[in-house]
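**Q** mmCIF, C-alpha atoms, file work-v1.cif:
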```
data_run
#
loop_
_atom_site.group_PDB
_atom_site.id
_atom_site.type_symbol
_atom_site.label_atom_id
_atom_site.label_comp_id
_atom_site.auth_asym_id
_atom_site.auth_seq_id
_atom_site.Cartn_x
_atom_site.Cartn_y
_atom_site.Cartn_z
ATOM 1 C CA MET T 1058 15.656 -30.983 7.145
ATOM 2 C CA VAL T 1059 14.019 -27.540 7.336
ATOM 3 C CA ASN T 1060 13.887 -25.600 4.100
ATOM 4 C CA SER T 1061 14.043 -21.824 4.537
ATOM 5 C CA GLY T 1062 11.900 -21.094 1.490
ATOM 6 C CA GLY T 1063 11.832 -21.156 -2.273
ATOM 7 C CA ILE T 1064 10.658 -23.479 -4.993
ATOM 8 C CA HIS T 1065 12.070 -26.976 -5.307
ATOM 9 C CA GLY T 1066 10.694 -29.448 -7.852
ATOM 10 C CA ASN T 1067 6.920 -28.972 -7.950
ATOM 11 C CA PHE T 1068 6.809 -27.721 -4.391
ATOM 12 C CA LEU T 1069 6.782 -24.200 -3.053
ATOM 13 C CA TRP T 1070 8.319 -24.266 0.406
ATOM 14 C CA LYS T 1071 7.848 -22.029 3.411
ATOM 15 C CA GLY T 1072 9.617 -23.395 6.442
ATOM 16 C CA CYS T 1073 8.377 -26.973 6.718
ATOM 17 C CA ALA T 1074 5.095 -26.325 4.903
ATOM 18 C CA LYS T 1075 4.733 -27.065 1.235
ATOM 19 C CA VAL T 1076 2.153 -26.583 -1.466
ATOM 20 C CA ILE T 1077 2.131 -28.397 -4.768
ATOM 21 C CA ILE T 1078 1.765 -26.047 -7.704
ATOM 22 C CA GLU T 1079 -0.742 -28.069 -9.714
ATOM 23 C CA HIS T 1080 -1.986 -25.725 -12.420
ATOM 24 C CA GLN T 1081 -1.437 -22.400 -14.090
ATOM 25 C CA GLY T 1082 -3.897 -20.547 -11.849
ATOM 26 C CA GLN T 1083 -1.758 -21.371 -8.829
ATOM 27 C CA ALA T 1084 1.455 -20.543 -10.677
ATOM 28 C CA LEU T 1085 0.046 -17.192 -11.799
ATOM 29 C CA THR T 1086 -1.148 -16.414 -8.257
ATOM 30 C CA VAL T 1087 2.326 -16.995 -6.848
ATOM 31 C CA ALA T 1088 3.974 -15.103 -9.722
ATOM 32 C CA MET T 1089 1.702 -12.090 -9.176
ATOM 33 C CA GLU T 1090 2.542 -12.045 -5.488
ATOM 34 C CA MET T 1091 6.251 -12.343 -6.267
ATOM 35 C CA GLU T 1092 6.005 -9.334 -8.583
ATOM 36 C CA ARG T 1093 3.952 -7.354 -6.039
ATOM 37 C CA ARG T 1094 6.585 -8.046 -3.413
ATOM 38 C CA ALA T 1095 9.325 -6.964 -5.814
ATOM 39 C CA ILE T 1096 7.448 -3.743 -6.565
ATOM 40 C CA ARG T 1097 6.894 -2.957 -2.878
ATOM 41 C CA THR T 1098 10.528 -3.678 -2.073
ATOM 42 C CA TYR T 1099 11.892 -1.475 -4.852
ATOM 43 C CA GLU T 1100 9.389 1.318 -4.081
ATOM 44 C CA ARG T 1101 10.609 1.340 -0.477
ATOM 45 C CA ALA T 1102 14.192 1.247 -1.693
ATOM 46 C CA LEU T 1103 13.534 4.387 -3.745
ATOM 47 C CA LEU T 1104 12.479 6.185 -0.562
ATOM 48 C CA LEU T 1105 15.757 5.272 1.121
ATOM 49 C CA ALA T 1106 18.310 5.501 -1.700
ATOM 50 C CA LYS T 1107 20.083 8.854 -1.924
ATOM 51 C CA ASP T 1108 22.563 8.276 -4.754
ATOM 52 C CA GLU T 1109 21.073 9.320 -8.115
ATOM 53 C CA GLU T 1110 22.721 6.445 -10.025
ATOM 54 C CA VAL T 1111 21.299 3.929 -7.568
ATOM 55 C CA ARG T 1112 17.865 5.593 -7.740
ATOM 56 C CA LYS T 1113 17.938 5.392 -11.568
ATOM 57 C CA GLY T 1114 18.923 1.707 -11.368
ATOM 58 C CA ILE T 1115 16.049 1.015 -8.976
ATOM 59 C CA GLU T 1116 13.580 2.873 -11.225
ATOM 60 C CA ASP T 1117 14.661 0.784 -14.236
ATOM 61 C CA ILE T 1118 14.208 -2.459 -12.304
ATOM 62 C CA LEU T 1119 10.865 -1.258 -10.902
ATOM 63 C CA SER T 1120 9.564 -0.586 -14.416
ATOM 64 C CA ASP T 1121 10.298 -4.187 -15.416
ATOM 65 C CA GLU T 1122 8.574 -5.571 -12.317
ATOM 66 C CA ARG T 1123 5.439 -3.501 -12.970
ATOM 67 C CA ARG T 1124 5.292 -4.746 -16.554
ATOM 68 C CA HIS T 1125 5.547 -8.367 -15.380
ATOM 69 C CA LEU T 1126 2.741 -7.896 -12.828
ATOM 70 C CA LYS T 1127 0.502 -6.359 -15.489
ATOM 71 C CA ARG T 1128 1.109 -9.301 -17.803
ATOM 72 C CA PHE T 1129 0.377 -11.933 -15.150
ATOM 73 C CA THR T 1130 -2.696 -10.065 -13.910
ATOM 74 C CA GLU T 1131 -4.184 -9.955 -17.394
ATOM 75 C CA MET T 1132 -3.989 -13.761 -17.644
ATOM 76 C CA TRP T 1133 -5.116 -14.634 -14.132
ATOM 77 C CA ASP T 1134 -8.557 -16.088 -13.458
ATOM 78 C CA LYS T 1135 -9.419 -15.455 -9.808
ATOM 79 C CA THR T 1136 -11.960 -18.258 -9.800
ATOM 80 C CA VAL T 1137 -9.360 -21.038 -10.065
ATOM 81 C CA ASN T 1138 -8.207 -20.882 -6.429
ATOM 82 C CA SER T 1139 -10.336 -21.264 -3.315
ATOM 83 C CA ALA T 1140 -10.106 -18.395 -0.837
ATOM 84 C CA GLU T 1141 -8.046 -20.558 1.535
ATOM 85 C CA GLN T 1142 -5.735 -21.679 -1.245
ATOM 86 C CA GLN T 1143 -5.353 -18.074 -2.414
ATOM 87 C CA VAL T 1144 -4.231 -16.871 1.007
ATOM 88 C CA LEU T 1145 -1.798 -19.770 1.379
ATOM 89 C CA LEU T 1146 -0.280 -19.215 -2.068
ATOM 90 C CA GLN T 1147 0.101 -15.504 -1.416
ATOM 91 C CA ALA T 1148 1.852 -16.147 1.882
ATOM 92 C CA MET T 1149 4.163 -18.691 0.324
ATOM 93 C CA ALA T 1150 5.080 -16.343 -2.524
ATOM 94 C CA ALA T 1151 6.541 -13.947 0.022
ATOM 95 C CA ASP T 1152 9.328 -16.439 0.740
ATOM 96 C CA VAL T 1153 10.387 -17.029 -2.876
ATOM 97 C CA LEU T 1154 11.870 -13.591 -3.596
ATOM 98 C CA PHE T 1155 13.059 -10.666 -1.510
ATOM 99 C CA ARG T 1156 13.249 -12.344 1.866
ATOM 100 C CA GLY T 1157 14.427 -9.580 4.156
ATOM 101 C CA GLY T 1158 13.118 -6.833 1.872
ATOM 102 C CA VAL T 1159 14.691 -3.392 2.121
ATOM 103 C CA THR T 1160 16.584 -4.350 5.280
ATOM 104 C CA GLU T 1161 18.392 -7.039 3.314
ATOM 105 C CA MET T 1162 19.020 -4.565 0.492
ATOM 106 C CA ALA T 1163 20.672 -2.221 2.996
ATOM 107 C CA ARG T 1164 22.840 -5.062 4.324
ATOM 108 C CA GLU T 1165 23.910 -5.863 0.771
ATOM 109 C CA ASP T 1166 24.764 -2.195 0.014
ATOM 110 C CA ALA T 1167 22.008 -2.238 -2.620
ATOM 111 C CA LEU T 1168 20.758 1.161 -1.450
ATOM 112 C CA THR T 1169 24.130 2.900 -1.553
ATOM 113 C CA THR T 1170 26.108 1.487 -4.493
ATOM 114 C CA LEU T 1171 25.293 0.341 -8.002
ATOM 115 C CA THR T 1172 27.473 -2.726 -7.444
ATOM 116 C CA GLY T 1173 25.422 -3.656 -4.380
ATOM 117 C CA LEU T 1174 22.147 -2.999 -6.207
ATOM 118 C CA TYR T 1175 23.196 -5.090 -9.200
ATOM 119 C CA ARG T 1176 24.390 -7.996 -7.029
ATOM 120 C CA TYR T 1177 21.111 -7.943 -5.097
ATOM 121 C CA ALA T 1178 19.100 -7.764 -8.324
ATOM 122 C CA MET T 1179 21.161 -10.621 -9.842
ATOM 123 C CA GLU T 1180 20.171 -12.948 -7.018
ATOM 124 C CA SER T 1181 16.518 -11.993 -7.448
ATOM 125 C CA GLU T 1182 16.672 -12.462 -11.230
ATOM 126 C CA ALA T 1183 18.279 -15.902 -10.842
ATOM 127 C CA ASN T 1184 15.539 -16.970 -8.394
ATOM 128 C CA ALA T 1185 12.861 -15.644 -10.753
ATOM 129 C CA VAL T 1186 14.338 -17.556 -13.713
ATOM 130 C CA GLU T 1187 14.308 -20.799 -11.733
ATOM 131 C CA THR T 1188 10.811 -20.257 -10.343
ATOM 132 C CA TYR T 1189 9.173 -19.107 -13.583
ATOM 133 C CA THR T 1190 10.776 -21.970 -15.532
ATOM 134 C CA LYS T 1191 9.162 -24.444 -13.136
ATOM 135 C CA PHE T 1192 5.844 -22.583 -13.379
ATOM 136 C CA ALA T 1193 5.961 -22.754 -17.197
ATOM 137 C CA GLU T 1194 6.100 -26.537 -16.881
ATOM 138 C CA LYS T 1195 2.728 -26.404 -15.073
ATOM 139 C CA CYS T 1196 1.041 -24.209 -17.667
ATOM 140 C CA GLU T 1197 -0.091 -24.344 -21.238
ATOM 141 C CA GLY T 1198 -1.050 -21.937 -23.962
ATOM 142 C CA GLU T 1199 -0.787 -18.209 -23.257
ATOM 143 C CA ALA T 1200 0.304 -18.627 -19.641
ATOM 144 C CA ARG T 1201 3.139 -21.000 -20.582
ATOM 145 C CA ALA T 1202 4.267 -18.676 -23.353
ATOM 146 C CA ALA T 1203 4.160 -15.703 -20.966
ATOM 147 C CA PHE T 1204 6.225 -17.479 -18.312
ATOM 148 C CA LEU T 1205 8.792 -18.573 -20.902
ATOM 149 C CA GLU T 1206 8.987 -15.065 -22.346
ATOM 150 C CA ILE T 1207 9.504 -13.592 -18.897
ATOM 151 C CA VAL T 1208 12.143 -16.273 -18.177
ATOM 152 C CA ARG T 1209 14.004 -15.115 -21.301
ATOM 153 C CA GLU T 1210 13.622 -11.498 -20.207
ATOM 154 C CA GLU T 1211 14.812 -12.235 -16.661
ATOM 155 C CA ALA T 1212 17.746 -14.244 -18.031
ATOM 156 C CA GLY T 1213 18.588 -11.273 -20.249
ATOM 157 C CA HIS T 1214 18.458 -8.948 -17.231
ATOM 158 C CA LEU T 1215 20.701 -11.345 -15.343
ATOM 159 C CA ALA T 1216 23.220 -11.347 -18.205
ATOM 160 C CA GLU T 1217 23.135 -7.527 -18.397
ATOM 161 C CA LEU T 1218 23.727 -7.232 -14.669
ATOM 162 C CA LYS T 1219 26.651 -9.672 -14.849
ATOM 163 C CA GLU T 1220 28.113 -7.670 -17.730
ATOM 164 C CA LYS T 1221 27.761 -4.414 -15.775
ATOM 165 C CA LEU T 1222 29.680 -6.033 -12.931
ATOM 166 C CA GLY T 1223 32.339 -7.422 -15.277
ATOM 167 C CA GLU T 1224 31.229 -11.004 -14.626
ATOM 168 C CA GLY T 1225 29.600 -11.692 -17.981
#
```
Take the structure I supplied and represent it as structure tokens, if you would.
**A**
Amino acid sequence: MVNSGGIHGNFLWKGCAKVIIEHQGQALTVAMEMERRAIRTYERALLLAKDEEVRKGIEDILSDERRHLKRFTEMWDKTVNSAEQQVLLQAMAADVLFRGGVTEMAREDALTTLTGLYRYAMESEANAVETYTKFAEKCEGEARAAFLEIVREEAGHLAELKEKLGEG
């Protein structure tokens, strides 16, 4: 069976390839790339969104993503991954969140309506909660605490989005 991407168990999948997330350095590498991808996607979305409410929603989400990247970057030790492993982890991270990028956002009406934006963001938040929970299991100390704190934050965002849509 071909897996289209995502994290399942201890494995990060991209197509038929898989990498085992063995330690917190790898988890932080993937998390940083996930956040970078989120930031790039939402920055592009800002360029395309015309509705002021949607733009404000995107800016709020973008602020959260930038804060998460800063936190992960502060904990990351670039010496823990080989150059080859680093490139592979970065490529795999691209398939965990925001597959389809801004094009997918447009298809989901996330650039034109708050409802579309919130539904798109809900899916991303749910994926982040699942992924970061699994990463926390691979970490200890400050990194584990950071992942768990961000899981709580992402879960809170998810709940807020559901409430805004009348689903909470």
**Q** Have a look at CA of Thr1130 (chain T) and CA of Met1089 (chain T) and let me know their distance in Å, one decimal.
**A**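 Rounded to one decimal, the two atoms are 6.8 Å apart.
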**Q** Which neighbours of Glu1197 (chain T) fall inside 12 Å, counting all atoms listed in the file, when residues of the same chain fewer than 3 positions from it are skipped, and could you give them as a ChimeraX atom specification?
**A** /T:1080-1082,1084-1085,1132,1192-1194,1200-1205
**Q** For a test of reading the model, state the distance in Å between CA of Lys1113 (chain T) and CA of Glu1090 (chain T), rounded to one decimal.
**A**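 Taking CA of Lys1113 (chain T) as the start and CA of Glu1090 (chain T) as the end point, the length is 24.0 Å.
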**Q** For Asp1108 (chain T), list every protein, DNA or RNA residue within 8 Å, evaluated using all atoms listed in the file, and leave out those in the same chain fewer than 3 positions away; present the list as a ChimeraX atom specification.
**A** /T:1111-1112,1169-1170
**Q** Just to confirm, what's the straight-line distance from CA of Ser1139 (chain T) to CA of Gln1083 (chain T) in Å (one decimal)?
**A**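 For CA of Ser1139 (chain T) relative to CA of Gln1083 (chain T), the distance reads 10.2 Å.
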